[in-house]
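Text of the file work.cif, holding mmCIF, C-alpha atoms:
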data_input
#
loop_
_atom_site.label_atom_id
_atom_site.label_comp_id
_atom_site.auth_asym_id
_atom_site.auth_seq_id
_atom_site.Cartn_x
_atom_site.Cartn_y
_atom_site.Cartn_z
CA MET A 1 -29.17 12.65 16.33
CA THR A 2 -27.24 14.53 13.63
CA GLU A 3 -25.38 12.24 11.25
CA ARG A 4 -21.66 12.48 11.88
CA GLY A 5 -19.43 13.50 8.96
CA LYS A 6 -16.52 11.48 7.68
CA PRO A 7 -13.27 11.81 9.67
CA LEU A 8 -11.39 13.78 6.99
CA ALA A 9 -14.30 15.81 5.63
CA GLY A 10 -13.06 19.30 4.78
CA LEU A 11 -9.49 18.22 4.05
CA ARG A 12 -8.48 19.33 0.53
CA VAL A 13 -5.68 17.30 -1.11
CA LEU A 14 -3.96 18.07 -4.42
CA ASP A 15 -2.64 14.75 -5.70
CA LEU A 16 0.11 14.72 -8.33
CA THR A 17 1.04 11.06 -7.88
CA ARG A 18 0.83 8.22 -10.39
CA LEU A 19 0.88 4.42 -10.62
CA LEU A 20 0.62 2.63 -7.24
CA PRO A 21 2.12 4.14 -4.04
CA GLY A 22 0.76 7.70 -4.04
CA PRO A 23 -2.65 6.83 -5.50
CA VAL A 24 -3.20 4.19 -2.80
CA ALA A 25 -2.21 6.72 -0.13
CA THR A 26 -4.61 9.35 -1.47
CA GLN A 27 -7.37 6.78 -1.93
CA HIS A 28 -7.20 6.11 1.82
CA LEU A 29 -7.62 9.85 2.38
CA ALA A 30 -10.51 10.02 -0.08
CA ASP A 31 -12.23 7.01 1.48
CA LEU A 32 -12.09 8.83 4.81
CA GLY A 33 -13.80 11.88 3.36
CA ALA A 34 -11.00 14.10 2.09
CA ASP A 35 -11.58 15.98 -1.16
CA VAL A 36 -8.78 14.52 -3.28
CA VAL A 37 -8.17 16.27 -6.58
CA LYS A 38 -6.16 14.02 -8.89
CA ILE A 39 -4.12 16.25 -11.17
CA GLU A 40 -2.80 14.70 -14.38
CA ASP A 41 -0.95 16.19 -17.33
CA THR A 42 -2.80 16.92 -20.54
CA GLY A 43 -1.05 14.08 -22.38
CA GLU A 44 -0.97 10.48 -21.22
CA GLY A 45 -1.75 11.31 -17.60
CA ASP A 46 -1.39 8.58 -15.02
CA TYR A 47 0.28 5.64 -16.78
CA ALA A 48 -1.84 3.27 -14.70
CA ARG A 49 -4.88 4.16 -16.80
CA SER A 50 -3.66 2.03 -19.68
CA MET A 51 -1.69 -0.71 -17.92
CA GLY A 52 -3.22 -4.06 -18.87
CA ALA A 53 -6.24 -2.42 -20.51
CA LYS A 54 -7.62 -2.76 -24.02
CA PRO A 55 -7.32 0.33 -26.27
CA GLY A 56 -9.86 2.95 -25.26
CA GLU A 57 -10.57 1.33 -21.87
CA THR A 58 -9.42 2.19 -18.36
CA SER A 59 -7.48 -0.53 -16.58
CA ALA A 60 -8.82 -2.38 -13.57
CA PHE A 61 -5.57 -1.40 -11.83
CA PHE A 62 -6.36 2.31 -12.16
CA ARG A 63 -9.97 1.86 -11.13
CA LEU A 64 -8.97 -0.06 -7.99
CA VAL A 65 -6.74 2.71 -6.60
CA ASN A 66 -8.42 5.97 -7.66
CA ARG A 67 -12.01 5.80 -6.41
CA ASN A 68 -13.64 8.65 -4.50
CA LYS A 69 -11.40 11.25 -6.19
CA ARG A 70 -12.06 14.12 -8.54
CA ALA A 71 -9.88 14.69 -11.61
CA LEU A 72 -8.31 17.75 -13.21
CA ARG A 73 -6.01 17.87 -16.25
CA LEU A 74 -3.35 20.56 -16.01
CA ASP A 75 -0.19 21.32 -18.01
CA LEU A 76 2.40 22.27 -15.41
CA LYS A 77 5.05 22.83 -18.07
CA GLN A 78 3.29 26.05 -19.07
CA PRO A 79 3.50 29.12 -16.82
CA GLU A 80 -0.26 29.56 -16.77
CA GLY A 81 -0.68 25.93 -15.70
CA VAL A 82 1.66 26.64 -12.81
CA ALA A 83 -0.36 29.76 -11.99
CA VAL A 84 -3.53 27.66 -11.86
CA PHE A 85 -1.88 25.15 -9.55
CA ARG A 86 -0.64 27.89 -7.21
CA ARG A 87 -4.16 29.31 -7.07
CA LEU A 88 -5.55 25.89 -6.18
CA THR A 89 -3.09 25.56 -3.30
CA LEU A 90 -4.59 28.62 -1.61
CA SER A 91 -7.54 26.46 -0.53
CA ALA A 92 -5.61 23.21 -0.14
CA ASP A 93 -4.40 21.55 3.03
CA VAL A 94 -2.10 19.01 1.40
CA VAL A 95 -0.03 18.62 -1.75
CA ILE A 96 1.31 15.12 -2.38
CA GLU A 97 3.72 14.31 -5.21
CA GLY A 98 5.94 11.48 -6.38
CA PHE A 99 8.33 13.03 -8.89
CA ARG A 100 12.12 12.83 -8.81
CA PRO A 101 13.61 15.16 -6.18
CA GLY A 102 13.88 18.71 -7.48
CA VAL A 103 11.19 18.48 -10.16
CA MET A 104 8.60 20.43 -8.19
CA ASP A 105 11.14 23.16 -7.43
CA LYS A 106 12.04 23.45 -11.12
CA LEU A 107 8.36 23.89 -11.92
CA GLY A 108 8.13 26.67 -9.35
CA ILE A 109 5.76 24.77 -7.08
CA GLY A 110 8.13 23.26 -4.51
CA TYR A 111 7.44 23.46 -0.79
CA GLU A 112 9.16 26.78 -0.13
CA ALA A 113 7.38 28.49 -3.02
CA LEU A 114 3.96 27.21 -2.03
CA ALA A 115 4.47 27.82 1.71
CA GLU A 116 4.96 31.51 0.95
CA ILE A 117 1.38 31.77 -0.30
CA ASN A 118 -0.16 29.15 2.02
CA PRO A 119 1.84 28.73 5.24
CA ARG A 120 -0.57 26.02 6.47
CA LEU A 121 0.21 23.74 3.56
CA VAL A 122 1.52 20.23 4.18
CA PHE A 123 3.73 19.16 1.28
CA CYS A 124 4.40 15.43 1.05
CA SER A 125 7.00 13.97 -1.31
CA ILE A 126 7.19 10.22 -1.96
CA SER A 127 10.32 8.94 -3.67
CA GLY A 128 12.45 5.84 -3.86
CA TYR A 129 15.47 7.10 -1.95
CA GLY A 130 14.44 10.44 -0.44
CA GLN A 131 15.10 14.07 -1.24
CA ASP A 132 18.80 13.90 -0.39
CA GLY A 133 21.67 11.45 -0.16
CA PRO A 134 23.85 9.94 -2.91
CA TYR A 135 20.99 7.89 -4.40
CA ALA A 136 18.37 10.66 -4.45
CA GLN A 137 18.29 11.01 -8.23
CA ARG A 138 18.40 7.29 -9.03
CA ALA A 139 15.49 5.53 -10.66
CA GLY A 140 14.05 2.54 -8.82
CA HIS A 141 11.13 0.23 -8.25
CA ASP A 142 9.90 -1.93 -5.40
CA ILE A 143 12.45 -4.67 -6.03
CA ASN A 144 15.29 -2.13 -5.75
CA TYR A 145 14.00 -0.58 -2.52
CA ILE A 146 13.54 -3.88 -0.69
CA GLY A 147 16.90 -5.00 -2.03
CA TYR A 148 18.72 -2.03 -0.50
CA ALA A 149 16.80 -2.40 2.78
CA GLY A 150 18.07 -5.95 3.42
CA VAL A 151 14.58 -7.42 3.09
CA LEU A 152 14.69 -9.04 -0.35
CA ASP A 153 17.69 -11.08 0.80
CA GLN A 154 15.47 -12.66 3.47
CA ILE A 155 12.67 -13.79 1.14
CA GLY A 156 12.90 -17.24 -0.42
CA ALA A 157 13.49 -20.92 0.25
CA ALA A 158 16.54 -22.20 2.06
CA GLY A 159 19.38 -22.78 -0.35
CA GLY A 160 17.62 -20.88 -3.14
CA PRO A 161 17.90 -17.35 -4.51
CA PRO A 162 15.91 -14.39 -3.20
CA ALA A 163 12.27 -14.66 -4.31
CA VAL A 164 10.49 -11.64 -5.79
CA PRO A 165 7.21 -11.16 -3.87
CA ASN A 166 4.00 -10.42 -5.76
CA PHE A 167 3.18 -7.89 -3.07
CA GLN A 168 4.88 -4.53 -3.37
CA ILE A 169 6.35 -4.11 0.10
CA GLY A 170 8.22 -0.90 -0.66
CA ASP A 171 5.42 0.66 -2.68
CA LEU A 172 2.60 -0.18 -0.27
CA LEU A 173 4.28 -0.09 3.15
CA GLY A 174 6.74 2.59 2.15
CA GLY A 175 4.89 4.64 -0.42
CA ALA A 176 1.24 4.29 0.57
CA LEU A 177 1.01 3.85 4.34
CA VAL A 178 4.10 5.51 5.83
CA PRO A 179 3.41 8.85 4.09
CA LEU A 180 -0.01 8.99 5.75
CA VAL A 181 1.59 8.95 9.19
CA GLY A 182 3.79 11.96 8.48
CA LEU A 183 1.15 13.72 6.43
CA LEU A 184 -1.69 13.45 8.95
CA ALA A 185 0.62 14.28 11.87
CA SER A 186 1.62 17.44 10.01
CA VAL A 187 -2.02 18.31 9.23
CA ILE A 188 -2.90 18.06 12.93
CA ASP A 189 0.08 20.27 13.80
CA ALA A 190 -0.77 22.77 11.06
CA ARG A 191 -4.30 23.16 12.36
CA ALA A 192 -2.95 23.90 15.82
CA SER A 193 0.03 26.07 14.86
CA GLY A 194 -0.96 27.53 11.51
CA ARG A 195 2.25 26.24 9.96
CA GLY A 196 2.56 23.29 7.62
CA ARG A 197 5.56 21.06 7.03
CA LYS A 198 7.49 19.33 4.30
CA VAL A 199 7.14 15.55 4.60
CA ASP A 200 9.94 13.58 2.91
CA VAL A 201 9.25 9.85 2.60
CA ALA A 202 11.72 7.46 0.97
CA MET A 203 10.30 4.03 0.22
CA THR A 204 13.72 2.47 0.92
CA ASP A 205 13.83 4.16 4.34
CA ALA A 206 10.33 2.95 5.15
CA VAL A 207 11.12 -0.70 4.42
CA PHE A 208 14.44 -0.49 6.27
CA ALA A 209 12.75 1.08 9.31
CA HIS A 210 10.52 -1.99 9.58
CA ALA A 211 13.19 -4.64 9.01
CA VAL A 212 12.94 -5.64 12.66
CA PHE A 213 13.34 -9.40 12.37
CA PRO A 214 16.26 -9.34 9.92
CA LEU A 215 18.06 -6.97 12.28
CA ALA A 216 17.13 -9.01 15.36
CA GLY A 217 18.49 -12.11 13.63
CA LEU A 218 21.71 -10.33 12.74
CA LEU A 219 22.22 -9.14 16.32
CA ALA A 220 21.54 -12.61 17.72
CA ARG A 221 23.94 -14.40 15.37
CA LEU A 222 26.44 -11.67 14.50
CA ALA A 223 25.79 -12.79 10.94
CA PRO A 224 22.94 -12.28 8.42
CA PRO A 225 19.97 -14.56 9.14
CA PRO A 226 19.94 -17.51 6.71
CA ARG A 227 17.36 -17.16 3.94
CA GLY A 228 14.46 -19.53 4.45
CA ALA A 229 15.93 -20.94 7.64
CA ASP A 230 15.19 -18.39 10.35
CA LEU A 231 12.40 -18.57 12.94
CA LEU A 232 9.76 -16.91 10.75
CA SER A 233 11.05 -17.90 7.32
CA GLY A 234 10.79 -21.69 7.43
CA GLY A 235 13.62 -22.70 9.73
CA VAL A 236 11.50 -24.48 12.34
CA PRO A 237 8.71 -27.08 12.01
CA CYS A 238 6.04 -25.02 13.75
CA TYR A 239 6.08 -22.08 11.33
CA GLY A 240 5.95 -22.68 7.60
CA VAL A 241 4.02 -23.78 4.55
CA TYR A 242 3.22 -27.41 3.82
CA ALA A 243 2.00 -28.86 0.51
CA THR A 244 -1.18 -30.94 0.36
CA ALA A 245 -2.03 -33.91 -1.86
CA ASP A 246 -3.70 -31.72 -4.50
CA GLY A 247 -0.79 -29.31 -4.89
CA ARG A 248 -2.29 -26.68 -2.59
CA HIS A 249 -0.79 -25.57 0.72
CA MET A 250 -1.53 -25.08 4.41
CA ALA A 251 0.01 -22.31 6.50
CA VAL A 252 1.22 -23.52 9.90
CA GLY A 253 1.80 -20.75 12.46
CA ALA A 254 1.87 -22.76 15.69
CA LEU A 255 4.63 -20.72 17.34
CA GLU A 256 3.30 -21.09 20.87
CA LYS A 257 3.97 -24.43 22.51
CA LYS A 258 0.28 -25.02 23.30
CA PHE A 259 -0.65 -24.59 19.63
CA TRP A 260 2.14 -26.87 18.44
CA GLU A 261 1.18 -29.62 20.84
CA LEU A 262 -2.47 -29.35 19.79
CA LEU A 263 -1.39 -29.58 16.16
CA CYS A 264 0.64 -32.72 16.86
CA ASP A 265 -2.26 -34.33 18.71
CA THR A 266 -4.68 -33.43 15.92
CA LEU A 267 -2.43 -35.10 13.35
CA GLY A 268 -1.88 -38.13 15.55
CA ARG A 269 1.82 -37.36 15.84
CA PRO A 270 2.49 -36.64 19.53
CA ASP A 271 6.06 -37.86 18.93
CA LEU A 272 6.78 -34.56 17.15
CA LYS A 273 6.06 -32.41 20.20
CA PRO A 274 9.72 -32.15 21.34
CA PHE A 275 10.70 -30.56 18.00
CA HIS A 276 8.56 -27.45 18.31
CA LEU A 277 11.37 -24.91 17.76
CA ALA A 278 14.07 -27.30 16.55
CA PHE A 279 16.60 -26.00 14.05
CA GLY A 280 19.19 -28.05 12.23
CA ALA A 281 18.98 -31.77 11.51
CA LYS A 282 16.27 -32.50 14.10
CA GLY A 283 14.13 -29.66 12.85
CA GLU A 284 14.54 -30.73 9.23
CA GLN A 285 13.53 -34.27 10.09
CA ALA A 286 10.42 -33.04 11.93
CA LYS A 287 9.52 -30.86 8.94
CA ARG A 288 9.81 -33.85 6.62
CA GLU A 289 7.57 -35.90 8.90
CA LEU A 290 5.00 -33.13 9.06
CA ALA A 291 5.20 -32.56 5.30
CA ALA A 292 4.44 -36.24 4.69
CA VAL A 293 1.30 -36.03 6.80
CA PHE A 294 -0.04 -32.93 5.03
CA ALA A 295 0.84 -34.40 1.63
CA SER A 296 -1.38 -37.41 2.32
CA ARG A 297 -4.69 -35.51 1.95
CA PRO A 298 -6.02 -32.60 -0.17
CA GLN A 299 -6.29 -29.07 1.18
CA SER A 300 -10.07 -29.32 1.63
CA HIS A 301 -9.59 -32.20 4.05
CA TRP A 302 -7.19 -30.23 6.21
CA VAL A 303 -9.43 -27.17 6.14
CA GLY A 304 -12.25 -29.33 7.52
CA VAL A 305 -9.97 -30.70 10.23
CA PHE A 306 -8.40 -27.44 11.39
CA ASP A 307 -11.51 -25.29 11.19
CA LYS A 308 -12.46 -27.10 14.39
CA VAL A 309 -9.03 -26.82 16.04
CA ASP A 310 -7.66 -23.49 17.28
CA CYS A 311 -3.93 -23.90 16.62
CA CYS A 312 -3.07 -21.42 13.83
CA VAL A 313 -3.29 -23.80 10.87
CA THR A 314 -5.08 -22.28 7.88
CA PRO A 315 -5.33 -22.70 4.09
CA VAL A 316 -3.19 -20.72 1.67
CA LEU A 317 -5.90 -19.10 -0.46
CA GLN A 318 -5.69 -17.78 -3.97
CA ILE A 319 -6.90 -14.20 -4.46
CA GLY A 320 -10.22 -15.31 -5.97
CA GLU A 321 -10.84 -17.51 -2.95
CA ALA A 322 -9.91 -14.66 -0.61
CA LEU A 323 -12.59 -12.51 -2.27
CA ASP A 324 -15.15 -15.15 -1.26
CA ASN A 325 -13.73 -15.83 2.19
CA GLU A 326 -16.46 -15.72 4.85
CA GLN A 327 -14.38 -13.75 7.35
CA LEU A 328 -13.34 -11.07 4.85
CA ARG A 329 -16.92 -10.87 3.56
CA ALA A 330 -18.28 -10.55 7.10
CA ARG A 331 -15.86 -7.70 7.73
CA GLY A 332 -17.10 -5.88 4.63
CA MET A 333 -13.70 -6.06 2.97
CA VAL A 334 -15.10 -6.73 -0.51
CA VAL A 335 -17.29 -4.12 -2.18
CA GLU A 336 -18.80 -4.38 -5.65
CA ALA A 337 -18.57 -1.07 -7.51
CA ASP A 338 -17.67 0.28 -10.94
CA GLY A 339 -18.16 -3.22 -12.34
CA LEU A 340 -15.37 -4.61 -10.16
CA PRO A 341 -14.92 -6.30 -6.79
CA GLN A 342 -13.03 -3.66 -4.82
CA LEU A 343 -11.00 -3.87 -1.62
CA ALA A 344 -12.50 -1.85 1.22
CA PRO A 345 -10.40 0.15 3.67
CA PRO A 346 -8.85 -2.03 6.41
CA TYR A 347 -9.84 0.28 9.28
CA LYS A 348 -13.21 0.16 11.00
CA LEU A 349 -14.15 3.40 12.73
CA SER A 350 -17.17 4.02 14.89
CA GLU A 351 -19.84 6.24 13.33
CA TYR A 352 -18.21 5.89 9.92
CA ASP A 353 -19.62 3.93 7.03
CA PHE A 354 -17.31 3.42 4.08
CA ALA A 355 -18.87 4.07 0.71
CA ILE A 356 -17.67 4.37 -2.86
CA GLU A 357 -19.33 7.63 -3.80
CA ARG A 358 -17.31 8.18 -6.97
CA SER A 359 -15.82 5.67 -9.37
CA ALA A 360 -12.27 6.35 -10.53
CA PRO A 361 -12.56 9.53 -12.61
CA ALA A 362 -12.04 9.97 -16.32
CA PRO A 363 -9.14 12.27 -17.29
CA GLY A 364 -10.07 15.80 -16.31
CA GLN A 365 -13.62 14.78 -15.50
CA HIS A 366 -14.08 17.47 -12.84
CA SER A 367 -11.83 20.19 -14.27
CA GLU A 368 -14.56 22.77 -14.71
CA GLU A 369 -16.12 22.40 -11.27
CA ILE A 370 -12.72 22.44 -9.54
CA LEU A 371 -11.68 25.61 -11.36
CA ARG A 372 -15.03 27.27 -10.62
CA GLU A 373 -14.45 26.55 -6.92
CA ALA A 374 -11.10 28.32 -7.27
CA GLY A 375 -12.84 31.40 -8.64
CA TYR A 376 -12.41 30.98 -12.41
CA ASP A 377 -15.37 32.05 -14.51
CA ALA A 378 -16.67 30.33 -17.64
CA ALA A 379 -14.71 32.56 -20.03
CA GLU A 380 -11.43 31.95 -18.19
CA ILE A 381 -12.03 28.21 -18.18
CA ASP A 382 -12.77 28.23 -21.90
CA ARG A 383 -9.55 30.15 -22.52
CA LEU A 384 -7.50 27.69 -20.45
CA ARG A 385 -9.01 24.82 -22.39
CA ALA A 386 -8.36 26.49 -25.75
CA GLN A 387 -4.71 27.05 -24.79
CA GLY A 388 -4.29 23.42 -23.77
CA ILE A 389 -3.64 24.33 -20.13
CA ILE A 390 -6.45 22.05 -18.95
#
With the file now loaded, output its structure as structure tokens.
Amino acid sequence: MTERGKPLAGLRVLDLTRLLPGPVATQHLADLGADVVKIEDTGEGDYARSMGAKPGETSAFFRLVNRNKRALRLDLKQPEGVAVFRRLTLSADVVIEGFRPGVMDKLGIGYEALAEINPRLVFCSISGYGQDGPYAQRAGHDINYIGYAGVLDQIGAAGGPPAVPNFQIGDLLGGALVPLVGLLASVIDARASGRGRKVDVAMTDAVFAHAVFPLAGLLARLAPPPRGADLLSGGVPCYGVYATADGRHMAVGALEKKFWELLCDTLGRPDLKPFHLAFGAKGEQAKRELAAVFASRPQSHWVGVFDKVDCCVTPVLQIGEALDNEQLRARGMVVEADGLPQLAPPYKLSEYDFAIERSAPAPGQHSEEILREAGYDAAEIDRLRAQGII
């Protein structure tokens, strides 16, 4: 039987993004077989290369989100650099960028300009607030996007301030995953119709569009859900985090009555069964009783107990422990490559074996081969290099 190719083999992507959101999005495409050409300027390039790294080294951050890509350095501030980029788009299916709105148009390589020479092109823009609206030109980061979306307000302990998560909800949900939905939908349509689309993704919009429980809580109460005191944020005994004797924690997710009752029986506290979904004073008292039980033994004890009991009680792992977790290892979610433990794609497709075929590229590592594919000869490439275009 002929070996089946990767799902996105043959898809050519020109990637102008930097830092976290766009590079994670294009890494997913590259992992699935797309030819992703990472285009960086001829100066510093992607700032992620140096973040947290020693002088002369490439950061682990950069290496974790840019595997399986090729790299080209190109000065888009020079007309000839723009001409090179336009020539590359003739054979591209997708352009993805993360500049401020209007920057690509000013450079002469916005969607309308590129669609004139390649009508099939899908042009995806990732920004904080979108290509229009009163905030379009504002700077922002993850904390700002989730703040505007009404999500940051919901994160934190009851009675305390909003807590800043060490997981970039806006960048990763909004800037890495949501763009892939619009982008791939547009690629499918372009292959059928011959016409591409402009895909405008605002990270604030993406977080807001998924703020289902905050909105549901607002509609139920006619008031904002209380921070740290709603159904899924610590307001009831059956769903929350409990400290253990050694300062670690257990995650209790016994939302269903059957799980809660099994939890109570396992802990020898059947008297707590009536307080499954109790809010207010009764719920707080039940939480204190449960907290005292968990605080009486170390985390390892409770892991041993609840590994044998199917009631949604699990340890809160640190990232190093998660890398060694038997379930994640069995699922192939940790891959050693480029001298690092790397996170594998979270999708498992039949007849598709994930592989890291290229480590994160050095700046401009593949410039010559990419330009040769676009029809440039050796003399032209030497001239571009001498002029500082590449």
Residues matched by the PyMOL selection byres ((chain A and resi 5-12) around 7), written as a PyMOL selection string
chain A and resi 3-4+13-14+32-36+92-94+352
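Across the model, the gap from CA of Val212 in chain A to CA of Tyr242 in chain A is 25.4 Å.
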List as JSON, numbers by chain the protein and nucleic acid residues near Leu20 in chain A, meaning an atom at most 12 Å away when only C-alpha atoms are counted, but skip any in the same chain fewer than 4 places from it.
{"A": [24, 25, 26, 27, 46, 47, 48, 49, 51, 61, 62, 63, 64, 65, 66, 98, 126, 141, 142, 167, 168, 169, 170, 171, 172, 173, 174, 175, 176, 177]}
Limited to C-alpha atoms, could you put the picked residues into a file as a CSV table (one decimal), in the frame of the given file?
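The result, written out as selection_20.csv:
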chain,number,residue,atom,x,y,z
A,24,VAL,CA,-3.2,4.2,-2.8
A,25,ALA,CA,-2.2,6.7,-0.1
A,26,THR,CA,-4.6,9.4,-1.5
A,27,GLN,CA,-7.4,6.8,-1.9
A,46,ASP,CA,-1.4,8.6,-15.0
A,47,TYR,CA,0.3,5.6,-16.8
A,48,ALA,CA,-1.8,3.3,-14.7
A,49,ARG,CA,-4.9,4.2,-16.8
A,51,MET,CA,-1.7,-0.7,-17.9
A,61,PHE,CA,-5.6,-1.4,-11.8
A,62,PHE,CA,-6.4,2.3,-12.2
A,63,ARG,CA,-10.0,1.9,-11.1
A,64,LEU,CA,-9.0,-0.1,-8.0
A,65,VAL,CA,-6.7,2.7,-6.6
A,66,ASN,CA,-8.4,6.0,-7.7
A,98,GLY,CA,5.9,11.5,-6.4
A,126,ILE,CA,7.2,10.2,-2.0
A,141,HIS,CA,11.1,0.2,-8.2
A,142,ASP,CA,9.9,-1.9,-5.4
A,167,PHE,CA,3.2,-7.9,-3.1
A,168,GLN,CA,4.9,-4.5,-3.4
A,169,ILE,CA,6.4,-4.1,0.1
A,170,GLY,CA,8.2,-0.9,-0.7
A,171,ASP,CA,5.4,0.7,-2.7
A,172,LEU,CA,2.6,-0.2,-0.3
A,173,LEU,CA,4.3,-0.1,3.2
A,174,GLY,CA,6.7,2.6,2.2
A,175,GLY,CA,4.9,4.6,-0.4
A,176,ALA,CA,1.2,4.3,0.6
A,177,LEU,CA,1.0,3.8,4.3
Provide the CA of Arg70 in chain A to CA of Leu340 in chain A distance in Å, to one decimal place.
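CA of Arg70 in chain A sits 19.1 Å away from CA of Leu340 in chain A.
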Residue neighbourhood Gly45 in chain A, 10 Å, all atoms listed in the file, exclusion window fewer than 2 positions, as a list of chain:residue names
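Surrounding residues, per the criterion: A:Arg18, A:Ile39, A:Glu40, A:Asp41, A:Thr42, A:Gly43, A:Tyr47, A:Ala48, A:Arg49, A:Ser50, A:Arg73, A:Leu74, A:Pro363, A:Gly364.
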For the file shown, report as a VMD selection string the outcome of the PyMOL selection byres ((chain A and resi 300) around 10) at residue level.
chain A and resid 244 to 246 248 250 297 to 299 301 to 305 315
Those residues with C-alpha atoms, as a PDB file, in the frame of the given file please?
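Below you can see result.pdb, which holds the result:
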ATOM      1  CA  THR A 244      -1.180 -30.940   0.360  1.00  0.00           C
ATOM      2  CA  ALA A 245      -2.030 -33.910  -1.860  1.00  0.00           C
ATOM      3  CA  ASP A 246      -3.700 -31.720  -4.500  1.00  0.00           C
ATOM      4  CA  ARG A 248      -2.290 -26.680  -2.590  1.00  0.00           C
ATOM      5  CA  MET A 250      -1.530 -25.080   4.410  1.00  0.00           C
ATOM      6  CA  ARG A 297      -4.690 -35.510   1.950  1.00  0.00           C
ATOM      7  CA  PRO A 298      -6.020 -32.600  -0.170  1.00  0.00           C
ATOM      8  CA  GLN A 299      -6.290 -29.070   1.180  1.00  0.00           C
ATOM      9  CA  HIS A 301      -9.590 -32.200   4.050  1.00  0.00           C
ATOM     10  CA  TRP A 302      -7.190 -30.230   6.210  1.00  0.00           C
ATOM     11  CA  VAL A 303      -9.430 -27.170   6.140  1.00  0.00           C
ATOM     12  CA  GLY A 304     -12.250 -29.330   7.520  1.00  0.00           C
ATOM     13  CA  VAL A 305      -9.970 -30.700  10.230  1.00  0.00           C
ATOM     14  CA  PRO A 315      -5.330 -22.700   4.090  1.00  0.00           C
TER      15      PRO A 315
END
Enumerate, as a PDB file with C-alpha atoms, in the coordinates of the input, the residues matched when the PyMOL selection byres ((chain A and resi 188) around 12) is run on the file above.
ATOM      1  CA  LEU A   8     -11.390  13.780   6.990  1.00  0.00           C
ATOM      2  CA  LEU A  11      -9.490  18.220   4.050  1.00  0.00           C
ATOM      3  CA  ASP A  93      -4.400  21.550   3.030  1.00  0.00           C
ATOM      4  CA  VAL A  94      -2.100  19.010   1.400  1.00  0.00           C
ATOM      5  CA  ARG A 120      -0.570  26.020   6.470  1.00  0.00           C
ATOM      6  CA  LEU A 121       0.210  23.740   3.560  1.00  0.00           C
ATOM      7  CA  VAL A 122       1.520  20.230   4.180  1.00  0.00           C
ATOM      8  CA  LEU A 180      -0.010   8.990   5.750  1.00  0.00           C
ATOM      9  CA  VAL A 181       1.590   8.950   9.190  1.00  0.00           C
ATOM     10  CA  GLY A 182       3.790  11.960   8.480  1.00  0.00           C
ATOM     11  CA  LEU A 183       1.150  13.720   6.430  1.00  0.00           C
ATOM     12  CA  LEU A 184      -1.690  13.450   8.950  1.00  0.00           C
ATOM     13  CA  ALA A 185       0.620  14.280  11.870  1.00  0.00           C
ATOM     14  CA  SER A 186       1.620  17.440  10.010  1.00  0.00           C
ATOM     15  CA  VAL A 187      -2.020  18.310   9.230  1.00  0.00           C
ATOM     16  CA  ASP A 189       0.080  20.270  13.800  1.00  0.00           C
ATOM     17  CA  ALA A 190      -0.770  22.770  11.060  1.00  0.00           C
ATOM     18  CA  ARG A 191      -4.300  23.160  12.360  1.00  0.00           C
ATOM     19  CA  ALA A 192      -2.950  23.900  15.820  1.00  0.00           C
ATOM     20  CA  SER A 193       0.030  26.070  14.860  1.00  0.00           C
ATOM     21  CA  GLY A 194      -0.960  27.530  11.510  1.00  0.00           C
ATOM     22  CA  ARG A 195       2.250  26.240   9.960  1.00  0.00           C
ATOM     23  CA  GLY A 196       2.560  23.290   7.620  1.00  0.00           C
ATOM     24  CA  ARG A 197       5.560  21.060   7.030  1.00  0.00           C
TER      25      ARG A 197
END
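Remark: for Gly140 in chain A, the closest of the candidate residues A:Thr204, A:Asn166, A:Ser296, A:Thr17 is A:Thr204 (distances computed over only C-alpha atoms).
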May I have the protein, DNA and RNA residues with any atom at most 12 Å from the point (20.8, -26.1, 10.2), counting only C-alpha atoms, written as a ChimeraX atom specification?
/A:158-159,225-231,234-236,278-285
Mind checking which residues fall within 12 Å of range 270-273 of chain A, counting all atoms listed in the file, ignoring those fewer than 2 positions away in the same chain, and posting them as a compact mmCIF listing (two decimals) with C-alpha atoms, in the frame of the given file?
# COMPACT_ATOMS: atom_id res chain seq x y z
CA PRO A 237 8.71 -27.08 12.01
CA CYS A 238 6.04 -25.02 13.75
CA ALA A 254 1.87 -22.76 15.69
CA GLU A 256 3.30 -21.09 20.87
CA LYS A 257 3.97 -24.43 22.51
CA LYS A 258 0.28 -25.02 23.30
CA PHE A 259 -0.65 -24.59 19.63
CA TRP A 260 2.14 -26.87 18.44
CA GLU A 261 1.18 -29.62 20.84
CA LEU A 262 -2.47 -29.35 19.79
CA LEU A 263 -1.39 -29.58 16.16
CA CYS A 264 0.64 -32.72 16.86
CA ASP A 265 -2.26 -34.33 18.71
CA THR A 266 -4.68 -33.43 15.92
CA LEU A 267 -2.43 -35.10 13.35
CA GLY A 268 -1.88 -38.13 15.55
CA PHE A 275 10.70 -30.56 18.00
CA HIS A 276 8.56 -27.45 18.31
CA LEU A 277 11.37 -24.91 17.76
CA ALA A 278 14.07 -27.30 16.55
CA LYS A 282 16.27 -32.50 14.10
CA GLY A 283 14.13 -29.66 12.85
CA GLU A 284 14.54 -30.73 9.23
CA GLN A 285 13.53 -34.27 10.09
CA ALA A 286 10.42 -33.04 11.93
CA LYS A 287 9.52 -30.86 8.94
CA ARG A 288 9.81 -33.85 6.62
CA GLU A 289 7.57 -35.90 8.90
CA LEU A 290 5.00 -33.13 9.06
CA VAL A 293 1.30 -36.03 6.80
Please compute the CA of His249 in chain A-CA of Gly52 in chain A distance, one decimal, in Å.
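So the two atoms, CA of His249 in chain A and CA of Gly52 in chain A, lie 29.2 Å apart.
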Go ahead and find all residues with at least one atom no further than 12 Å from (-8.5, 19.3, -13.1) in the file's coordinates, using all atoms listed in the file; report them as an NGL selection string.
:A and (14-16 or 36-42 or 45 or 69-76 or 81 or 84-85 or 88 or 361-374 or 381 or 384-385 or 389-390)
